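To be precise, the following lines are run_32.cif, and they hold mmCIF, C-alpha atoms.
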```cif
data_data
#
loop_
_atom_site.label_atom_id
_atom_site.label_comp_id
_atom_site.auth_asym_id
_atom_site.auth_seq_id
_atom_site.Cartn_x
_atom_site.Cartn_y
_atom_site.Cartn_z
CA GLU C 220 -72.92 6.28 13.12
CA THR C 221 -71.28 9.66 13.51
CA GLY C 222 -73.42 11.10 16.30
CA VAL C 223 -74.58 13.94 14.06
CA THR C 224 -78.35 13.97 13.83
CA GLN C 225 -80.54 15.98 11.50
CA SER C 226 -84.25 16.67 11.52
CA PRO C 227 -86.53 16.24 9.81
CA THR C 228 -85.41 13.47 7.47
CA HIS C 229 -87.83 14.48 4.72
CA LEU C 230 -89.74 17.67 4.06
CA ILE C 231 -92.01 18.98 1.33
CA LYS C 232 -92.50 22.72 0.95
CA THR C 233 -94.18 25.02 -1.53
CA ARG C 234 -92.28 27.54 -3.62
CA GLY C 235 -92.01 30.86 -1.79
CA GLN C 236 -92.24 29.35 1.68
CA GLN C 237 -89.54 29.36 4.33
CA VAL C 238 -87.92 26.29 5.89
CA THR C 239 -85.76 25.56 8.94
CA LEU C 240 -83.57 22.49 9.10
CA ARG C 241 -81.91 21.36 12.32
CA CYS C 242 -78.68 19.66 13.22
CA SER C 243 -77.30 18.29 16.46
CA SER C 244 -73.51 18.11 16.48
CA GLN C 245 -71.38 15.27 17.71
CA SER C 246 -70.44 15.61 21.36
CA GLY C 247 -67.33 17.76 21.84
CA HIS C 248 -67.59 19.43 18.43
CA ASN C 249 -67.75 23.24 18.24
CA THR C 250 -67.87 23.70 14.47
CA VAL C 251 -70.69 22.95 12.09
CA SER C 252 -71.04 23.29 8.35
CA TRP C 253 -73.96 22.89 5.96
CA TYR C 254 -74.01 21.51 2.44
CA GLN C 255 -76.54 21.27 -0.37
CA GLN C 256 -76.37 18.12 -2.48
CA ALA C 257 -78.51 18.02 -5.59
CA LEU C 258 -79.29 14.63 -7.08
CA GLY C 259 -76.26 13.09 -8.75
CA GLN C 260 -73.91 15.89 -7.70
CA GLY C 261 -71.34 16.52 -5.04
CA PRO C 262 -72.11 18.46 -1.87
CA GLN C 263 -71.93 22.24 -2.26
CA PHE C 264 -70.64 24.14 0.75
CA ILE C 265 -73.15 26.65 2.11
CA PHE C 266 -71.45 27.96 5.26
CA GLN C 267 -69.54 27.07 8.40
CA TYR C 268 -70.11 28.22 11.99
CA TYR C 269 -67.51 28.18 14.73
CA ARG C 270 -68.54 29.04 18.28
CA GLU C 271 -71.76 30.71 17.04
CA GLU C 272 -70.05 32.87 14.41
CA GLU C 273 -70.08 32.29 10.66
CA ASN C 274 -66.48 31.94 9.49
CA GLY C 275 -66.85 30.64 5.98
CA ARG C 276 -69.44 30.86 3.23
CA GLY C 277 -69.88 29.37 -0.21
CA ASN C 278 -71.65 30.90 -3.20
CA PHE C 279 -75.16 30.93 -1.83
CA PRO C 280 -77.51 33.94 -1.72
CA PRO C 281 -78.41 35.67 1.56
CA ARG C 282 -81.76 33.87 1.71
CA PHE C 283 -79.68 30.94 3.01
CA SER C 284 -78.87 31.79 6.61
CA GLY C 285 -77.82 29.92 9.68
CA LEU C 286 -77.52 29.89 13.42
CA GLN C 287 -75.35 28.01 15.83
CA PHE C 288 -76.44 27.80 19.45
CA PRO C 289 -74.35 27.74 22.66
CA ASN C 290 -74.71 23.95 22.79
CA TYR C 291 -73.31 23.91 19.20
CA SER C 292 -76.49 22.63 17.63
CA SER C 293 -77.36 24.46 14.44
CA GLU C 294 -80.12 25.58 12.11
CA LEU C 295 -80.21 26.25 8.40
CA ASN C 296 -82.92 28.64 7.27
CA VAL C 297 -83.93 29.10 3.67
CA ASN C 298 -86.33 31.88 2.73
CA ALA C 299 -88.37 32.32 -0.44
CA LEU C 300 -87.91 28.72 -1.52
CA GLU C 301 -87.31 28.01 -5.18
CA LEU C 302 -87.78 24.76 -7.07
CA ASP C 303 -83.99 24.48 -7.47
CA ASP C 304 -83.63 24.35 -3.70
CA SER C 305 -84.86 20.77 -3.83
CA ALA C 306 -81.89 18.73 -2.60
CA LEU C 307 -80.38 16.72 0.22
CA TYR C 308 -79.10 19.10 2.91
CA LEU C 309 -76.18 17.74 4.89
CA CYS C 310 -74.87 18.97 8.18
CA ALA C 311 -71.35 18.15 9.35
CA SER C 312 -69.65 18.80 12.66
CA LYS C 313 -65.95 19.11 13.46
CA GLN C 314 -64.01 19.27 16.70
CA ASP C 315 -62.49 22.61 15.63
CA ASP C 316 -62.57 25.00 12.68
CA ARG C 317 -59.12 24.21 11.29
CA VAL C 318 -58.97 23.51 7.59
CA GLY C 319 -57.54 20.03 8.02
CA THR C 320 -60.01 18.73 10.56
CA GLU C 321 -62.24 16.01 9.23
CA ALA C 322 -65.99 16.48 9.18
CA PHE C 323 -68.56 14.03 10.53
CA PHE C 324 -71.75 14.10 8.52
CA GLY C 325 -75.35 13.49 9.39
CA GLN C 326 -77.68 11.52 7.15
CA GLY C 327 -79.26 14.64 5.75
CA THR C 328 -82.67 16.20 5.24
CA ARG C 329 -84.29 15.60 1.87
CA LEU C 330 -86.11 18.81 0.92
CA THR C 331 -88.58 18.83 -1.95
CA VAL C 332 -89.94 22.15 -3.17
CA VAL C 333 -93.11 21.94 -5.25
CA ALA P 48 -60.46 29.74 -7.73
CA GLN P 49 -60.91 26.27 -6.34
CA LYS P 50 -61.90 23.37 -8.53
CA VAL P 51 -62.06 19.60 -8.02
CA THR P 52 -62.56 17.30 -10.98
CA GLN P 53 -63.52 13.66 -10.75
CA ALA P 54 -63.67 12.70 -14.40
CA GLN P 55 -65.00 9.19 -13.82
CA THR P 56 -68.74 9.38 -13.29
CA GLU P 57 -69.28 5.64 -12.81
CA ILE P 58 -66.97 2.66 -12.58
CA SER P 59 -68.07 -0.96 -12.57
CA VAL P 60 -65.72 -3.75 -11.53
CA VAL P 61 -65.96 -7.38 -10.53
CA GLU P 62 -65.14 -8.33 -6.98
CA LYS P 63 -61.40 -8.73 -6.26
CA GLU P 64 -60.39 -6.37 -9.06
CA ASP P 65 -58.29 -3.33 -8.20
CA VAL P 66 -59.79 0.05 -9.02
CA THR P 67 -58.40 3.60 -9.02
CA LEU P 68 -60.53 6.68 -8.59
CA ASP P 69 -59.04 9.86 -10.02
CA CYS P 70 -59.11 13.33 -8.51
CA VAL P 71 -57.58 16.46 -10.00
CA TYR P 72 -57.73 19.79 -8.23
CA GLU P 73 -56.99 23.46 -8.85
CA THR P 74 -56.12 26.10 -6.30
CA ARG P 75 -53.97 29.21 -6.08
CA ASP P 76 -53.23 28.66 -2.40
CA THR P 77 -50.07 26.92 -1.26
CA THR P 78 -51.71 25.69 1.96
CA TYR P 79 -54.69 23.41 1.58
CA TYR P 80 -56.05 20.01 2.51
CA LEU P 81 -57.43 17.25 0.33
CA PHE P 82 -59.95 14.70 1.52
CA TRP P 83 -61.71 11.57 0.34
CA TYR P 84 -65.19 10.72 1.59
CA LYS P 85 -67.42 7.72 0.92
CA GLN P 86 -71.19 8.08 0.59
CA PRO P 87 -73.10 4.82 0.96
CA PRO P 88 -76.81 4.63 0.04
CA SER P 89 -77.74 5.76 3.57
CA GLY P 90 -76.57 9.26 2.60
CA GLU P 91 -74.08 10.29 5.24
CA LEU P 92 -70.56 10.93 4.03
CA VAL P 93 -67.84 8.95 5.77
CA PHE P 94 -64.34 10.38 6.11
CA LEU P 95 -61.60 8.20 4.61
CA ILE P 96 -58.41 10.26 4.52
CA ARG P 97 -56.95 13.77 4.51
CA ARG P 98 -53.66 15.10 3.14
CA ASN P 99 -52.14 18.54 3.59
CA SER P 100 -50.41 20.30 0.74
CA PHE P 101 -46.98 19.84 2.28
CA ASP P 102 -47.18 16.10 2.73
CA GLU P 103 -46.84 14.14 -0.48
CA GLN P 104 -46.18 10.86 1.25
CA ASN P 105 -48.47 8.17 -0.06
CA GLU P 106 -50.57 6.26 2.40
CA ILE P 107 -51.91 2.75 2.65
CA SER P 108 -54.67 1.66 4.98
CA GLY P 109 -55.65 -1.95 4.54
CA ARG P 110 -57.04 -2.32 1.02
CA TYR P 111 -57.07 1.45 0.49
CA SER P 112 -54.17 3.52 -0.77
CA TRP P 113 -53.78 7.12 -1.83
CA ASN P 114 -51.33 8.75 -4.22
CA PHE P 115 -50.84 12.50 -3.87
CA GLN P 116 -48.80 14.27 -6.57
CA LYS P 117 -48.54 18.05 -6.40
CA SER P 118 -46.76 18.17 -9.76
CA THR P 119 -49.92 16.93 -11.48
CA SER P 120 -52.40 18.32 -8.88
CA SER P 121 -53.81 14.86 -8.36
CA PHE P 122 -54.90 12.88 -5.35
CA ASN P 123 -55.92 9.43 -6.56
CA PHE P 124 -57.51 6.67 -4.51
CA THR P 125 -56.97 2.95 -5.14
CA ILE P 126 -58.98 0.09 -3.72
CA THR P 127 -57.17 -3.22 -3.92
CA ALA P 128 -59.14 -6.46 -4.16
CA SER P 129 -62.48 -4.65 -4.24
CA GLN P 130 -65.46 -6.03 -2.36
CA VAL P 131 -69.21 -5.61 -2.82
CA VAL P 132 -69.29 -3.47 0.35
CA ASP P 133 -67.08 -0.94 -1.42
CA SER P 134 -70.01 -0.03 -3.68
CA ALA P 135 -70.76 3.63 -2.98
CA VAL P 136 -70.17 7.12 -4.28
CA TYR P 137 -66.71 8.48 -3.51
CA PHE P 138 -65.98 12.19 -3.25
CA CYS P 139 -62.73 14.07 -3.35
CA ALA P 140 -62.70 17.47 -1.62
CA LEU P 141 -60.37 20.46 -1.27
CA SER P 142 -60.42 22.75 1.76
CA GLU P 143 -58.53 25.95 2.41
CA TRP P 144 -58.73 29.24 4.26
CA THR P 145 -59.30 32.10 1.85
CA GLY P 146 -60.84 35.00 3.74
CA GLY P 147 -62.71 32.33 5.67
CA PHE P 148 -63.13 28.59 5.49
CA LYS P 149 -63.83 27.26 1.99
CA THR P 150 -64.32 23.75 0.74
CA ILE P 151 -65.29 22.27 -2.58
CA PHE P 152 -66.26 18.73 -3.45
CA GLY P 153 -65.92 16.97 -6.76
CA ALA P 154 -68.98 15.57 -8.50
CA GLY P 155 -68.19 12.10 -7.21
CA THR P 156 -67.48 8.70 -8.72
CA ARG P 157 -70.08 5.98 -8.33
CA LEU P 158 -68.40 2.62 -7.85
CA PHE P 159 -70.27 -0.61 -8.52
CA VAL P 160 -68.59 -3.79 -7.35
CA LYS P 161 -70.29 -6.90 -8.67
CA ALA P 162 -70.01 -10.30 -6.99
#
```
Let's see the structure in the file written out as structure tokens.
Amino acid sequence: ETGVTQSPTHLIKTRGQQVTLRCSSQSGHNTVSWYQQALGQGPQFIFQYYREEENGRGNFPPRFSGLQFPNYSSELNVNALELDDSALYLCASKQDDRVGTEAFFGQGTRLTVV
Amino acid sequence: AQKVTQAQTEISVVEKEDVTLDCVYETRDTTYYLFWYKQPPSGELVFLIRRNSFDEQNEISGRYSWNFQKSTSSFNFTITASQVVDSAVYFCALSEWTGGFKTIFGAGTRLFVKA
């Protein structure tokens, strides 16, 4: 196990609702990133936070937002849910924000939008 | 723009066969990192290896080996003497700093190793 924990493990929401997913980083890690993985596809990078500041973002609309807290835990918020938001959401923590630092992933939150 | 292509969607082999997973990437940057991750059925991705763009030295770790060739923009992964426990989805990824951290994963290759 990586020490990265995500909650909840599964979630069902209705289109138009808002959702918050949570991630607890591995001890000693100050960087967290979030990914969306649709069924049968590779993870898509949403954004990265380093010491509570966003320092990288993929091609996701503003309704995908995040927070990183002083203890380096993190939240992913998605507003105005759409059916296409149904996916596995993965959180990964790193010991720093350098490009070459490997990421340690959690087991993900499976979000279903109906 | 970044792009990572894993052309093999699924590969099926019999235990003890060698298997190579292909990864081709595109980037305009000269400084970048390439990674391989393994995703077992449990869902969490497991880091296997990283390579920076200035280090083309191949690497071997037990039954795993990696071949990085900048001339063909490829970073291929070979499993020697495959085992049933190698069955998983394998992802190649490219990371770089372009006005902020950016990373892109390939679509993955699902490997089935049959006993």
The PyMOL selection byres ((chain P and resi 61) around 7) resolved against shown file, as a ChimeraX atom specification: /P:60,62-64,160-162
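Residues captured in this structure file are Val223, Ser244, Val251, Ser252, Trp253, Leu309, Cys310, Ser312, Lys313, Ala322, Phe323, Phe324 and Gly325 of chain C, according to the PyMOL selection byres ((chain C and resi 311) around 8).
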Answer key for the PyMOL selection byres ((chain C and resi 289) around 12), residues as a PyMOL selection string: chain C and resi 243-244+248-250+268-272+286-288+290-293
Residue list for chain C near chain P as a list in words, 6 Å, only C-alpha atoms: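 That gives Gln260, Gly261, Asn274, Gly275, Val318, Gly319, Phe324, Gly325 and Gln326 of chain C for chain C.
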Could you put an axis-aligned box around every listed atom of region 126-143 of chain P, padded by 6 Å on each side, and send me its centre and edge lengths in Å to one decimal, as AutoDock Vina command-line options?
```
--center_x -64.0 --center_y 9.7 --center_z -0.9 --size_x 25.6 --size_y 44.4 --size_z 18.7
```
Contacts of region 277-285 of chain C within 6 Å, all atoms listed in the file, excl. fewer than 2 positions in-chain, as a PDB file with C-alpha atoms, in the frame of the given file:
```pdb
ATOM      1  CA  PHE C 264     -70.640  24.140   0.750  1.00  0.00           C
ATOM      2  CA  ILE C 265     -73.150  26.650   2.110  1.00  0.00           C
ATOM      3  CA  PHE C 266     -71.450  27.960   5.260  1.00  0.00           C
ATOM      4  CA  GLU C 294     -80.120  25.580  12.110  1.00  0.00           C
ATOM      5  CA  LEU C 295     -80.210  26.250   8.400  1.00  0.00           C
ATOM      6  CA  ASN C 296     -82.920  28.640   7.270  1.00  0.00           C
ATOM      7  CA  VAL C 297     -83.930  29.100   3.670  1.00  0.00           C
ATOM      8  CA  ASN C 298     -86.330  31.880   2.730  1.00  0.00           C
TER       9      ASN C 298
END
```
Residue neighbourhood region 302-306 of chain C, 6 Å, all atoms listed in the file, exclusion window fewer than 6 positions, as a list of chain:residue names: C:Gln256, C:Ala257, C:Arg329, C:Leu330, C:Thr331, C:Val332
Atom pair CA of Glu73 (chain P) / CA of Gln104 (chain P): separation (Å): 19.4 Å
Distance in Å - CA of Asp133 (chain P) versus CA of Lys85 (chain P):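 Computed distance, CA of Asp133 (chain P) to CA of Lys85 (chain P), equals 9.0 Å.
The two atoms in question, CA of Pro262 (chain C) and CA of Glu301 (chain C), are spaced 18.3 Å apart.
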Contacts of Thr328 (chain C) within 9 Å, all atoms listed in the file, excl. fewer than 3 positions in-chain, as a count of residues only: 14
Residues near Tyr111 (chain P), cut-off 6 Å, all atoms listed in the file, skip fewer than 4 positions along chain, as a VMD selection string: chain P and resid 107 125 to 126
Could you pull region 106-121 of chain P out of the structure I just pasted and write it to a file containing all heavy atoms, as a tab-separated table (two decimals), in the first residue's frame?
```tsv
chain	number	residue	atom	x	y	z
P	106	GLU	N	17.65	0.11	-18.75
P	106	GLU	CA	17.68	-0.35	-17.36
P	106	GLU	C	17.04	-1.72	-17.24
P	106	GLU	O	16.08	-2.03	-17.94
P	106	GLU	CB	16.96	0.65	-16.46
P	106	GLU	CG	16.99	0.26	-14.99
P	106	GLU	CD	16.70	1.43	-14.08
P	106	GLU	OE1	16.93	2.57	-14.48
P	106	GLU	OE2	16.25	1.19	-12.95
P	107	ILE	N	17.61	-2.51	-16.36
P	107	ILE	CA	17.05	-3.83	-16.07
P	107	ILE	C	16.83	-3.92	-14.57
P	107	ILE	O	17.69	-3.53	-13.77
P	107	ILE	CB	18.02	-4.95	-16.51
P	107	ILE	CG1	18.24	-4.89	-18.01
P	107	ILE	CG2	17.48	-6.31	-16.09
P	107	ILE	CD1	19.29	-5.88	-18.52
P	108	SER	N	15.64	-4.41	-14.20
P	108	SER	CA	15.35	-4.63	-12.79
P	108	SER	C	14.67	-5.98	-12.68
P	108	SER	O	13.47	-6.10	-12.94
P	108	SER	CB	14.44	-3.51	-12.27
P	108	SER	OG	14.06	-3.76	-10.93
P	109	GLY	N	15.41	-6.97	-12.32
P	109	GLY	CA	14.85	-8.32	-12.24
P	109	GLY	C	14.37	-8.79	-13.60
P	109	GLY	O	15.13	-8.81	-14.56
P	110	ARG	N	13.10	-9.10	-13.70
P	110	ARG	CA	12.52	-9.57	-14.97
P	110	ARG	C	12.10	-8.42	-15.88
P	110	ARG	O	11.65	-8.64	-16.99
P	110	ARG	CB	11.32	-10.48	-14.70
P	110	ARG	CG	11.65	-11.75	-13.94
P	110	ARG	CD	10.42	-12.65	-13.78
P	110	ARG	NE	9.36	-12.03	-12.99
P	110	ARG	CZ	8.23	-11.55	-13.48
P	110	ARG	NH1	8.00	-11.60	-14.79
P	110	ARG	NH2	7.32	-11.02	-12.69
P	111	TYR	N	12.19	-7.20	-15.36
P	111	TYR	CA	11.75	-6.03	-16.12
P	111	TYR	C	12.95	-5.34	-16.77
P	111	TYR	O	14.00	-5.21	-16.15
P	111	TYR	CB	11.06	-5.01	-15.20
P	111	TYR	CG	9.78	-5.45	-14.54
P	111	TYR	CD1	9.22	-4.68	-13.52
P	111	TYR	CD2	9.10	-6.60	-14.91
P	111	TYR	CE1	8.03	-5.04	-12.91
P	111	TYR	CE2	7.92	-6.97	-14.31
P	111	TYR	CZ	7.38	-6.19	-13.31
P	111	TYR	OH	6.21	-6.56	-12.70
P	112	SER	N	12.73	-4.85	-17.98
P	112	SER	CA	13.76	-4.03	-18.61
P	112	SER	C	13.08	-2.96	-19.47
P	112	SER	O	11.94	-3.13	-19.90
P	112	SER	CB	14.70	-4.88	-19.47
P	112	SER	OG	14.00	-5.51	-20.51
P	113	TRP	N	13.79	-1.85	-19.64
P	113	TRP	CA	13.23	-0.73	-20.37
P	113	TRP	C	14.24	-0.26	-21.41
P	113	TRP	O	15.44	-0.19	-21.15
P	113	TRP	CB	12.90	0.42	-19.42
P	113	TRP	CG	11.77	0.11	-18.51
P	113	TRP	CD1	10.46	0.37	-18.73
P	113	TRP	CD2	11.85	-0.53	-17.23
P	113	TRP	NE1	9.71	-0.08	-17.66
P	113	TRP	CE2	10.53	-0.64	-16.74
P	113	TRP	CE3	12.89	-1.05	-16.46
P	113	TRP	CZ2	10.23	-1.22	-15.52
P	113	TRP	CZ3	12.61	-1.63	-15.24
P	113	TRP	CH2	11.28	-1.71	-14.78
P	114	ASN	N	13.72	0.09	-22.59
P	114	ASN	CA	14.54	0.55	-23.69
P	114	ASN	C	14.06	1.93	-24.12
P	114	ASN	O	12.95	2.07	-24.64
P	114	ASN	CB	14.45	-0.44	-24.86
P	114	ASN	CG	15.28	-0.01	-26.04
P	114	ASN	OD1	14.75	0.46	-27.04
P	114	ASN	ND2	16.58	-0.16	-25.93
P	115	PHE	N	14.88	2.95	-23.88
P	115	PHE	CA	14.53	4.32	-24.19
P	115	PHE	C	15.34	4.76	-25.40
P	115	PHE	O	16.56	4.71	-25.38
P	115	PHE	CB	14.84	5.22	-22.99
P	115	PHE	CG	14.62	6.69	-23.21
P	115	PHE	CD1	13.64	7.16	-24.08
P	115	PHE	CD2	15.39	7.62	-22.53
P	115	PHE	CE1	13.43	8.51	-24.26
P	115	PHE	CE2	15.19	8.98	-22.71
P	115	PHE	CZ	14.22	9.43	-23.58
P	116	GLN	N	14.65	5.17	-26.47
P	116	GLN	CA	15.33	5.63	-27.68
P	116	GLN	C	14.74	6.97	-28.10
P	116	GLN	O	13.63	7.03	-28.62
P	116	GLN	CB	15.19	4.61	-28.80
P	116	GLN	CG	15.94	3.31	-28.55
P	116	GLN	CD	16.07	2.45	-29.79
P	116	GLN	OE1	15.29	2.58	-30.72
P	116	GLN	NE2	17.04	1.56	-29.80
P	117	LYS	N	15.52	8.03	-27.90
P	117	LYS	CA	15.04	9.36	-28.28
P	117	LYS	C	14.88	9.48	-29.79
P	117	LYS	O	14.01	10.20	-30.28
P	117	LYS	CB	16.00	10.43	-27.77
P	117	LYS	CG	15.84	10.73	-26.30
P	117	LYS	CD	16.78	11.79	-25.83
P	117	LYS	CE	16.34	13.16	-26.27
P	117	LYS	NZ	17.13	14.22	-25.61
P	118	SER	N	15.71	8.79	-30.54
P	118	SER	CA	15.66	8.90	-32.00
P	118	SER	C	14.32	8.46	-32.56
P	118	SER	O	13.86	8.96	-33.60
P	118	SER	CB	16.79	8.08	-32.63
P	118	SER	OG	16.64	6.71	-32.29
P	119	THR	N	13.67	7.53	-31.87
P	119	THR	CA	12.36	7.05	-32.33
P	119	THR	C	11.25	7.45	-31.35
P	119	THR	O	10.10	7.02	-31.50
P	119	THR	CB	12.36	5.51	-32.46
P	119	THR	OG1	12.77	4.94	-31.21
P	119	THR	CG2	13.29	5.07	-33.56
P	120	SER	N	11.60	8.28	-30.35
P	120	SER	CA	10.61	8.73	-29.34
P	120	SER	C	9.87	7.54	-28.74
P	120	SER	O	8.64	7.53	-28.68
P	120	SER	CB	9.62	9.73	-29.95
P	120	SER	OG	10.27	10.88	-30.37
P	121	SER	N	10.63	6.55	-28.34
P	121	SER	CA	9.99	5.36	-27.78
P	121	SER	C	10.60	5.00	-26.43
P	121	SER	O	11.78	5.28	-26.16
P	121	SER	CB	10.13	4.19	-28.75
P	121	SER	OG	11.49	3.82	-28.90
```
